[in-house]
Amino acid sequence: MIQLSTKPFPLPRPTRQLEIAQNELHLWRISLEEGLDSVDQLQKQLSEAEQVRAGKFFREAQAQQFVVYHAALRDILARYVGVRPREIAYETGQFGKPNVVSVQADGLRFNLTHSGELAVVAVSRGAEVGVDIERTRVVRSFASMLERCLSQAERKDVCDHHEDDRHRHFLRFWTHKEAYLKAIGVGLRAPLDQLTLDLLAPEGRKVVNHFHLFPKQPVIRLMELAPCEGFVGAVGSTHTESPEIKTFGWVSGRFVG
């Protein structure tokens with residue numbers, strides 16, 4: 001299981017472009033709390049379209065969250081691309097998955113997920129990535145969610161757990177499935193109950209059954225992620241071999257490793 005630090009120690013901002021090898025997977029932990037004191041400055045890093053989106057949130061807390069996470073994403077990507085955060089440009093794939101435009105990216109791929117006050121960014125070069133985290137909680141309409149999101153074998157797996165742990169175990173399946181679907185670029189458009197996972201299997205063999213609705217290639221490596229206490233998560237990638245994991249923490253314009 002991949003562990004992310006919960007108490008980042010700030011280091012000086014890098015003076016040179018951050019490198020990432022083809023066999024590496026970089027994971028960045030973003031704490032909302034770390035960015036709240038500099039929301040006004042962070043907002044200046046966003047594109048005009050992102051600033052408009054931030055202004056449409058009804059609640060100020062949601063707008064602040066959007067600003068911190070998306071400014072942090074730009075700040076992180078800028079370290080690899082070698083441009084200013086506001087100069088990062090995105091393009092979208094067939095099903096809307098964003099990536100850095102090809103003229104900047106040089107094979108760089110990323111994915112962002114957030115839940116509550118925490119976000120995680122996965123970055124790779126030459127391999128597709130998908131990441132998802134969820135705060136552990138009581139899942140609303142739990143019985144209905146089991147039917148809609150899990151296969152028969154997965155539902156049995158969840159129900160075999162102690163009642164107090166069933167919601168957390170469901171969220172483990174959920175994050176693994178979303179990380180998988182984001183890595184292959186289709187997102188939640190695909191029916192989750194038509195995908196069967198074995199969470200105990202090795203990272204390259206967790207997908208048990210596609211039911212002919214999902215691509216057989218490329219093989220997605222699914223790895224369990226422990227963002228911090230009270231959260232579950234997963235990250236998927238198309239690396240042909242198990243990638244070398246490096247973790248970082250974003251701290252309001254500085255980074256830790």
# chains A, B, ... in the order shown; residues from 1 in each chain; ligands from 1

$ select_by_dssp --residues "region 32-250 of chain A" --states "helix (DSSP H, G or I)" --output "JSON, numbers by chain"
{"A": [32, 33, 34, 35, 36, 37, 38, 39, 40, 41, 42, 43, 48, 49, 50, 51, 52, 53, 54, 55, 60, 61, 62, 63, 64, 65, 66, 67, 68, 69, 70, 71, 72, 73, 74, 75, 76, 77, 78, 79, 80, 81, 85, 86, 87, 102, 103, 104, 105, 142, 143, 144, 145, 146, 147, 148, 149, 152, 153, 154, 155, 156, 157, 158, 159, 163, 164, 165, 166, 167, 168, 169, 170, 171, 172, 173, 174, 175, 176, 177, 178, 179, 180, 181, 182, 183, 184, 187, 188, 189, 192, 193, 194, 203, 204, 205]}

$ residues_around --residues "Glu128 (chain A)" --least-positions-apart "3" --cutoff "8 Å" --atoms "only C-alpha atoms" --output "VMD selection string"
chain A and resid 109 to 110 124 to 125 183 to 184 237 to 239

$ write_last_selection --atoms "N, CA and C atoms" --output "mmCIF file, in the first residue's frame"
data_model
loop_
_atom_site.group_PDB
_atom_site.id
_atom_site.type_symbol
_atom_site.label_atom_id
_atom_site.label_comp_id
_atom_site.auth_asym_id
_atom_site.auth_seq_id
_atom_site.Cartn_x
_atom_site.Cartn_y
_atom_site.Cartn_z
ATOM 1 N N ARG A 109 1.614 12.950 -18.298
ATOM 2 C CA ARG A 109 0.216 12.652 -18.022
ATOM 3 C C ARG A 109 -0.069 12.923 -16.550
ATOM 4 N N PHE A 110 -1.313 13.310 -16.249
ATOM 5 C CA PHE A 110 -1.659 13.589 -14.855
ATOM 6 C C PHE A 110 -3.118 13.256 -14.612
ATOM 7 N N SER A 124 2.804 11.079 -14.448
ATOM 8 C CA SER A 124 3.672 10.092 -15.077
ATOM 9 C C SER A 124 4.139 10.638 -16.418
ATOM 10 N N ARG A 125 5.058 9.927 -17.044
ATOM 11 C CA ARG A 125 5.498 10.299 -18.385
ATOM 12 C C ARG A 125 5.442 9.050 -19.271
ATOM 13 N N ALA A 183 -7.901 5.947 -15.606
ATOM 14 C CA ALA A 183 -6.649 5.616 -16.285
ATOM 15 C C ALA A 183 -6.885 5.244 -17.739
ATOM 16 N N ILE A 184 -7.985 4.507 -18.021
ATOM 17 C CA ILE A 184 -8.264 4.155 -19.417
ATOM 18 C C ILE A 184 -9.009 5.267 -20.144
ATOM 19 N N SER A 237 -2.236 2.845 -13.388
ATOM 20 C CA SER A 237 -1.364 3.328 -14.456
ATOM 21 C C SER A 237 -1.178 2.241 -15.501
ATOM 22 N N THR A 238 -0.709 2.651 -16.682
ATOM 23 C CA THR A 238 -0.463 1.708 -17.774
ATOM 24 C C THR A 238 1.010 1.345 -17.882
ATOM 25 N N HIS A 239 1.790 1.559 -16.816
ATOM 26 C CA HIS A 239 3.184 1.141 -16.830
ATOM 27 C C HIS A 239 3.266 -0.365 -17.110
#

$ residues_around --residues "Arg135 (chain A)" --least-positions-apart "3" --cutoff "8 Å" --atoms "only C-alpha atoms" --output "VMD selection string"
chain A and resid 115 to 116 230 to 232

$ closest_atom_pairs --of "region 175-237 of chain A" --to "region 140-155 of chain A" --cutoff "7 Å" --atoms "only C-alpha atoms" --output "tab-separated table"
residue	atom	partner	partner_atom	distance
A:Leu192	CA	A:Cys149	CA	4.7
A:Asp193	CA	A:Leu150	CA	4.4
A:Gln194	CA	A:Ser151	CA	6.3
A:Leu195	CA	A:Ser151	CA	6.7
A:Thr196	CA	A:Ser151	CA	5.8

$ write_last_selection --atoms "C-alpha atoms" --output "JSON list (two decimals), in the first residue's frame"
[["chain", "number", "residue", "atom", "x", "y", "z"],
["A", 192, "LEU", "CA", -19.47, -0.01, -12.57],
["A", 193, "ASP", "CA", -21.38, -3.20, -11.86],
["A", 194, "GLN", "CA", -20.01, -4.66, -15.11],
["A", 195, "LEU", "CA", -16.45, -4.55, -13.82],
["A", 196, "THR", "CA", -15.20, -7.08, -11.24]]

$ atom_distance --atom1 "CA of Gln41 (chain A)" --atom2 "CA of Val103 (chain A)"
27.2 Å

$ atom_distance --atom1 "CA of Val139 (chain A)" --atom2 "CA of Arg166 (chain A)"
9.6 Å

$ closest_residue --among "A:Ala72, A:Ala54, A:Val186, A:Ala122" --to "Gly35 (chain A)" --atoms "only C-alpha atoms"
A:Ala72
